[in-house]
Amino acid sequence: MDHSRTIIHIDLDCFYAQVEMNKNPSLRTVPLGIQQKNIVVTSNYTAREFGIKKCMLIPEAKKLCPSLVLVNGEDLHDYRQTSYKVTNLLQKYTPLVERLGLDENYLDVTTLINEKLNQKSDLKLVGNVFGDTSDKCECGCTERLIIATTVAQEIRDVIKSELNLTSCAGIAHNKLLAKIAGARHKPNQQTVVFPNSALELILSLNAPNDIPGIGRALFEQLKCIGVETIEELQNVDLKRLETVLGQDKAKLVHELSLGIDKSGVKPTGKPQSIGLEDSCRSISVETEVKIKLEQLLNRLLLLVEEDGRVPKTIKLTVRKFNKDNKMSHRETRQCNVNPSIFSSSQPNKEAKIMTTIMHLFNRIIDVKKPYHITLLGLSFTKFQEPPKNTLASFLRKDLEVQSVLSIENQNGVEDAESPVPSTSKLAPTEGESPTPSPKKLKLTNLVSKKRCFEDYYEDCESPSKLKVADLCLDSVSCPPDADKEVFKELPKEVQKELWEDYKRRRASEMNFCSSQVKKTKPNTLLNYFIRNN
DNA sequence: CTGGGGTCCT
DNA sequence: AGGACCC
């Protein structure tokens with residue numbers, strides 16, 4: 001087998017709870033639960049001593065621990081910010097950092113370890129070991145993994161000292177084993193597993209769906225062919241597995257059950273989508289739909305502004321009431337949007353986007369008939385690259401323009417982004433919308449390709465004069481609750497963060513004022529500058 | 001009495 | 001557009 005890689009999995013302890021305890025240290029000494037709607041999504045370790053578990057219902061949690069303190073965690077903004085600070089720290093060790101959710105990161109430290117190996121550094125094993133170490137692999141992985149335990153400890157120390165967050169680490173020669181090993185000793189500990197203990201580690205799990213990558217649906221399929229335990233999965237006849245899963249999936253699942261995971265650590269770049277959703281008891285009138293979607297849109301526009309890129313597609317998600325346990329059933333509709341609608345100088349941009357959103361809504365819901373909605377979601381995808389005001393990027397923009405135009409030229413009037421050969425799939429995505437999508441323009445206005453492009457970006461005189469920067473550079477002011485004198489002296493970056501935080505707090509307040517009492521959420525950075533009187 | 005996000009594949 | 005997977 002190949003043990004040439006060295007992987008570290010970092011998992012922040014009860015992440016949301018730690019962020020809230022850092023924001024408000026008095027929460028450290030009390031049992032704390034993070035609440036989303038009627039659920040405790042995570043809790044600190046004080047609360048766990050009472051038996052509070054992940055995703056426990058509020059009444060049940062309160063019964064177990066009447067003194068449980070609940071903090072609303074429905075707005076993930078602060079968690080997301082802290083999460084990216086962690087990832088940024090990790091990227092100082094290797095560019096190969098893959099995020100999984102907000103609280104987990106994989107690092108491929110192979111190169112770093114090999115450098116340390118050459119430096120003949122000390123071979124001291126730090127932290128826990130899973131399994132016995134009596135018979136060791138001689139391929140060199142043992143030394144690498146031992147060195148990695150020191151690196152993992154260093155990394156966890158830095159996360160603690162820089163961000164005041166404790167974490168767990170798993171160290172192994174692949175992602176799967178690193179993740180499973182790290183969960184063996186919690187919280188604030190680390191565990192290394194050597195290849196010879198891989199099978200034992202996997203077998204220590206309770207069921208096939210405890211293996212990351214094997215979810216509920218796969219487990220059900222496995223049961224269908226009589227495979228209910230991990231041991232049975234390890235020994236299953238591959239041919240029989242293939243009959244239900246197909247060749248590729250069967251091989252993958254079987255390998256996972258043996259602790260084999262060839263997947264690489266894929267560096268996570270900027271997010272592919274930015275979205276918000278809000279579940280609710282019941283919405284059945286259109287004005288209420290509009291209010292909810294406007295709240296979501298206002299918050300979402302701030303997130304997109306923080307991101308700096310401009311989205312090209314908007315997606316609406318609706319969950320209808322369903323008496324069955326089919327919780328996951330959501331319907332989505334998406335359409336392209338003209339990026340220029342996000343321009344800060346665009347008047348009534350919220351109203352314009354809302355018009356598009358309501359058209360999407362009407363494609364899911366016939367408002368003339370009764371309906372019963374339990375979730376609304378809004379998401380932006382397919383981002384344009386952030387504008388960089390350099391000469392090089394200016395030229396690159398022109399090149400992009402040229403390639404877009406040449407693709408359009410080759411394919412007649414098709415979607416510039418996905419030049420699919422079959423034209424049958426190219427139904428206009430925004431049907432009857434009064435705001436024509438770029439695609440519709442191309443389909444209806446068969447004008448010169450230059451003219452077509454100018455329509456796409458509206459008032460630009462020519463492609464090379466594109467004021468792309470205007471799309472996302474909103475002006476920054478001093479928040480009314482901050483000290484203006486202090487604000488003036490702050491670096492531009494910090495000013496922007498404070499201003500965006502202020503706008504976000506306002507949007508959040510508007511979002512919650514109608515539905516529930518919201519405790520004020522102190523912001524750590526802002527607190528330094530807020531006036532005391 | 002079931003969150004609010006994300007990813008990739010089909 | 002939906003469905004699988006992850007947290």
# chains A, B, ... in the order shown; residues from 1 in each chain; ligands from 1

call {"tool": "select_by_dssp", "arguments": {"residues": "range 55-234 of chain A", "states": "helix (DSSP H, G or I)", "output": "PyMOL selection string"}}
result
chain A and resi 58-64+77-90+110-118+141-163+175-182+195-203+208-210+216-224+230-234

call {"tool": "closest_atom_pairs", "arguments": {"of": "chain A", "to": "chain C", "cutoff": "7 Å", "atoms": "only C-alpha atoms (C1' of nucleotides)", "output": "tab-separated table"}}
result
residue	atom	partner	partner_atom	distance
A:Leu100	CA	C:DC7	C1'	6.5
A:Gly101	CA	C:DC7	C1'	4.4
A:Leu102	CA	C:DC7	C1'	6.9
A:Gly213	CA	C:DC5	C1'	6.3
A:Gly215	CA	C:DC5	C1'	6.6
A:Thr332	CA	C:DA1	C1'	6.7

call {"tool": "residues_around", "arguments": {"residues": "DG4 in chain B", "least_positions_apart": "5", "cutoff": "12 Å", "atoms": "only C-alpha atoms (C1' of nucleotides)", "output": "tab-separated table (two decimals) with N, CA and C atoms (P, O5', C5', C4', C3', O3' and C1' of nucleotides), in the first residue's frame"}}
result
chain	number	residue	atom	x	y	z
A	35	GLN	N	-28.70	27.69	19.73
A	35	GLN	CA	-30.06	27.37	19.29
A	35	GLN	C	-30.31	27.83	17.86
A	36	GLN	N	-30.88	26.94	17.07
A	36	GLN	CA	-31.43	27.33	15.77
A	36	GLN	C	-32.85	26.82	15.74
A	37	LYS	N	-33.81	27.74	15.67
A	37	LYS	CA	-35.22	27.39	15.75
A	37	LYS	C	-35.48	26.56	17.00
A	39	ILE	N	-34.01	23.77	17.95
A	39	ILE	CA	-32.97	22.75	18.08
A	39	ILE	C	-31.72	23.32	18.74
A	41	VAL	N	-28.12	23.05	18.27
A	41	VAL	CA	-27.26	22.47	17.23
A	41	VAL	C	-25.89	22.07	17.77
A	73	GLY	N	-28.09	30.94	17.25
A	73	GLY	CA	-27.01	30.79	16.28
A	73	GLY	C	-27.51	30.64	14.87
A	74	GLU	N	-28.63	31.30	14.56
A	74	GLU	CA	-29.20	31.15	13.22
A	74	GLU	C	-28.44	31.96	12.18
A	75	ASP	N	-27.84	33.06	12.60
A	75	ASP	CA	-26.99	33.84	11.69
A	75	ASP	C	-25.54	33.34	11.82
A	76	LEU	N	-25.07	32.74	10.75
A	76	LEU	CA	-23.75	32.09	10.81
A	76	LEU	C	-22.60	33.05	10.56
A	77	HIS	N	-22.89	34.34	10.42
A	77	HIS	CA	-21.86	35.28	9.98
A	77	HIS	C	-20.59	35.22	10.82
A	79	TYR	N	-19.57	32.93	12.88
A	79	TYR	CA	-18.94	31.61	12.81
A	79	TYR	C	-18.13	31.48	11.51
A	80	ARG	N	-18.74	32.00	10.43
A	80	ARG	CA	-18.07	31.93	9.13
A	80	ARG	C	-16.78	32.75	9.15
A	101	GLY	N	-17.25	21.97	5.98
A	101	GLY	CA	-18.09	22.72	6.90
A	101	GLY	C	-17.31	23.90	7.45
A	102	LEU	N	-17.77	24.43	8.57
A	102	LEU	CA	-17.12	25.61	9.13
A	102	LEU	C	-16.03	25.25	10.14
A	274	ILE	N	-23.07	31.37	-2.26
A	274	ILE	CA	-23.33	32.06	-0.99
A	274	ILE	C	-24.84	32.13	-0.84
A	275	GLY	N	-25.34	31.53	0.21
A	275	GLY	CA	-26.79	31.46	0.34
A	275	GLY	C	-27.26	31.65	1.76
A	276	LEU	N	-28.55	31.89	1.89
A	276	LEU	CA	-29.21	32.01	3.19
A	276	LEU	C	-30.52	31.26	3.11
A	277	GLU	N	-30.91	30.66	4.22
A	277	GLU	CA	-32.24	30.07	4.26
A	277	GLU	C	-32.85	30.31	5.62
A	278	ASP	N	-34.17	30.28	5.64
A	278	ASP	CA	-34.90	30.50	6.87
A	278	ASP	C	-36.08	29.56	6.89
A	279	SER	N	-36.08	28.70	7.87
A	279	SER	CA	-37.23	27.80	8.00
A	279	SER	C	-38.29	28.49	8.84
A	375	LEU	N	-40.02	26.59	4.33
A	375	LEU	CA	-38.64	27.11	4.24
A	375	LEU	C	-38.48	27.92	2.97
A	376	LEU	N	-37.77	29.03	3.12
A	376	LEU	CA	-37.41	29.83	1.95
A	376	LEU	C	-35.89	30.03	1.96
A	377	GLY	N	-35.29	29.87	0.82
A	377	GLY	CA	-33.85	30.05	0.72
A	377	GLY	C	-33.48	30.81	-0.54
A	378	LEU	N	-32.38	31.54	-0.43
A	378	LEU	CA	-31.91	32.36	-1.54
A	378	LEU	C	-30.41	32.15	-1.65
C	7	DC	P	-19.53	14.51	8.77
C	7	DC	O5'	-19.65	16.04	9.17
C	7	DC	C5'	-18.47	16.84	9.18
C	7	DC	C4'	-18.86	18.26	9.49
C	7	DC	C3'	-19.72	18.39	10.75
C	7	DC	O3'	-18.91	18.37	11.91
C	7	DC	C1'	-20.61	19.71	8.98

call {"tool": "interface_residues", "arguments": {"of": "chain B", "to": "chain A", "cutoff": "8 Å", "atoms": "only C-alpha atoms (C1' of nucleotides)", "output": "PyMOL selection string"}}
result
chain B and resi 1-6

call {"tool": "atom_distance", "arguments": {"atom1": "CA of Gly259 in chain A", "atom2": "CA of Ile211 in chain A"}}
result
9.2 Å

call {"tool": "atom_distance", "arguments": {"atom1": "CA of Gln81 in chain A", "atom2": "CA of Glu493 in chain A"}}
result
14.5 Å
